[in-house]
Amino acid sequence: MTRLRWFGAAVAAALLLGGCGSPAPPAADATTTTRATTTTTTTTTTTTATSAPTTTTTTTATSAPTTTTTTSTSTTTTTTVPVVDLDALDLALQHVVTLEQPIALAAPPGSDLLLAAERTGTVRFLDLRADGTLEAGEPILDLSDRVDLRGEGGLLGIALSPDGTVLYAHWTDGTPTSHVDAYLLTGDMAGRTLLTLDQPFRNHNGGGLVVDDRGRLLIGLGDGGDRWDPLDHAQDRSTLFGTILRIETGYPEADGYVVPDDNPFVDDPAARPEILVWGLRNPWRFALDRATGDLWVADVGQDEVEEVTRIPAGELDDGPNLGWPAFEGDRRTDRPAPDDHRLPDITYPLEDPACSVTGGHVHRGGDVPDLDDVYLFGDFCDGLVRLAVRRADGSVETRTTDLVVPLLASFGEDGAGRSYALSLAGNVYRIVAGPGG
C-alpha cells in the first residue's frame, strides 16, 4: 500500500476535505502549552423565506477571518439557554500525543475507553498518563492493506456503541467504494459490513459516524464528488449521496441493518428510508449535543461559503433539507430551488487562508467550566479554532480564537468530555484552560 504523507503539495490538502484553498505548512511538533489570544466577531442576520439573507456585521477586530451568524427560518422550541461569555474565555492547546494522520476519536460517555483512528487505516487505544498526556497502544484494527488514500479516501471515521463493545468504521477502498463496518471489541475483530456505496468520484466521501443515545448509527455521506454535484445527488432522496443516514445495526446478533420506524422518510416510497438529513455537499464532521440532542452539521463549501447548521432535536425527525446545490451556505446558486430547506446558522467566507470547514462538537466536559455549552469548530487550512454558542433568540454567536492547529482535520472528546483537536500532520491537542482561565 502506498502511504500518502501530508502534505508535500498544496493541492493534496484542498482535496482531502473538498475545499478549494491552499494549506498552511505543517508546524513542528510542539509539547508546550500555547496560550490563546483571541479575535472576536459578532454578526446579526435576518432571513426571510428561501432568499439569501440580509446581513449586518459588526466586527471588533480585523486580524482573523470574518464569521457570519445566520438565524434559521425554522421554528424551534424555547428552552433555557445558558449565558456564555465567549469574550471571557481563555483557552490553550496541550499537546498530548503524536499519531500518523489522526482523523477521529471515539469514546463512550463516562468511560475510560478512548480510541483514535489514523487515516492510513489503523485504530489504536489511547491510555491516559499521570502527566495528562496520552500513550498510543498497538493497533487493535488494521485496515491499511484495504484503504485507499487517493483523493479524499482512507479511514475517515469511527464511532463506538454506548456500551463500548462495538466499533464502527467508515473507510474507502480503491474502486472507489465507501464501507461502513462493525467490529466486536470483545471478539476476534473479524467485523461485518453494514453498508457499501460505490463512489463516482474520489472526493466528497463524507466519512463521519455518530452513535446516538439509543444506539442508532448516524452515517455522513457526501454528494459523490467532482464540482457542483454534477449528478444531482444532493436533492434526490432516492439516493444515499449528500445525506446523513440513521440506522439500527443489531450487531453482533444480526447482519446488516434495519431502518428505525421513526425515520422521516420511512413511509415515502420515493425516498431512501435511511435518510435523516439531506441536501449536503460534503459533511465534514457532525455531532449530537449530548445534553440537548441537537445535531450540529458542518458542510464544506464549493467556492464561496463554509457553513455549519444546528438542527434542534425536535426537528430532526422532520428530515431537514440543507439546500445544496441550490444554496451554498446562505447564498443562492443557479440550481433549481427546493420547496423547503434550512439555512445555516454559521457561515464564513471561503477566503485564503481558509479553505474547508471542520466541524466539532458542543463541549460538555466540566474540565473547562466556562467552555461548557460552546460548540467547537475550525478550518482545515487556516487551522484556527472557532467557538459558537446559541442565544435565547435562536441566533448563534461566534468567536475566532488565535489557537492554531495546522491541518485541522477533526475534533473529538473522551469519556470525561474533555475536548481535543486533531492535526493531520500528526499532533493531537487537548483544549484546556489558559493561564488566565
# chains A, B, ... in the order shown; residues from 1 in each chain; ligands from 1
>>> select_by_dssp(residues="range 73-221 of chain A", states="strand (DSSP E or B)", output="number ranges by chain")
A: 91-98, 102-106, 115-118, 122-128, 134-142, 155-160, 166-172, 177-184, 192-198, 209-211, 217-221
>>> closest_residue(among="A:Glu152, A:Asp334, A:Glu413, A:Asp340", to="His361 in chain A", atoms="only C-alpha atoms")
A:Glu413
>>> closest_residue(among="A:Asp188, A:Ser161, A:Val166, A:Pro406", to="Arg214 in chain A", atoms="only C-alpha atoms")
A:Ser161
>>> closest_residue(among="A:Ile346, A:Ala116, A:Met189, A:Ala433", to="Asp367 in chain A", atoms="only C-alpha atoms")
A:Ala433
>>> closest_residue(among="A:Leu217, A:Ala326, A:Val374, A:Val357", to="Asp299 in chain A", atoms="only C-alpha atoms")
A:Val357
>>> residues_around(residues="Asp379 in chain A", least_positions_apart="4", cutoff="7 Å", atoms="only C-alpha atoms", output="list in words")
Ala354, Cys355, Ser356, Val357, Thr358, Gly383, Leu384 and Leu408 of chain A
>>> closest_residue(among="A:Ala107, A:Val389, A:Val300, A:Leu89", to="Val432 in chain A", atoms="only C-alpha atoms")
A:Leu89
>>> atom_distance(atom1="CA of Ala409 in chain A", atom2="CA of Ala425 in chain A")
9.1 Å
>>> residues_around(residues="Ala291 in chain A", least_positions_apart="6", cutoff="9 Å", atoms="only C-alpha atoms", output="list in words")
Val362, Arg364 and Asp373 of chain A
>>> write_last_selection(atoms="all heavy atoms", output="compact mmCIF listing (two decimals), in the first residue's frame")
# COMPACT_ATOMS: atom_id res chain seq x y z
N VAL A 362 -20.26 20.15 20.82
CA VAL A 362 -20.53 21.03 21.95
C VAL A 362 -19.80 20.47 23.16
O VAL A 362 -20.00 19.32 23.54
CB VAL A 362 -22.04 21.14 22.22
CG1 VAL A 362 -22.30 21.99 23.47
CG2 VAL A 362 -22.76 21.74 21.02
N ARG A 364 -18.95 19.50 26.77
CA ARG A 364 -19.76 19.18 27.95
C ARG A 364 -18.91 18.56 29.04
O ARG A 364 -19.41 17.80 29.87
CB ARG A 364 -20.88 18.21 27.57
CG ARG A 364 -21.90 18.76 26.57
CD ARG A 364 -22.77 19.81 27.21
NE ARG A 364 -23.78 20.34 26.28
CZ ARG A 364 -24.53 21.40 26.54
NH1 ARG A 364 -24.39 22.04 27.70
NH2 ARG A 364 -25.40 21.84 25.66
N ASP A 373 -21.26 24.21 26.97
CA ASP A 373 -22.31 24.76 26.10
C ASP A 373 -21.75 25.42 24.84
O ASP A 373 -22.51 25.95 24.04
CB ASP A 373 -23.20 25.77 26.83
CG ASP A 373 -23.82 25.21 28.08
OD1 ASP A 373 -24.53 24.19 27.97
OD2 ASP A 373 -23.60 25.77 29.16
>>> atom_distance(atom1="CA of Gly242 in chain A", atom2="CA of Leu276 in chain A")
10.9 Å
>>> closest_atom_pairs(of="range 153-242 of chain A", to="range 306-325 of chain A", cutoff="8 Å", atoms="only C-alpha atoms", output="JSON lines")
{"residue": "A:Trp228", "atom": "CA", "partner": "A:Pro325", "partner_atom": "CA", "distance": 6.5}
{"residue": "A:Asp229", "atom": "CA", "partner": "A:Pro325", "partner_atom": "CA", "distance": 6.8}
{"residue": "A:Ala234", "atom": "CA", "partner": "A:Trp324", "partner_atom": "CA", "distance": 6.3}
{"residue": "A:Gln235", "atom": "CA", "partner": "A:Trp324", "partner_atom": "CA", "distance": 7.2}
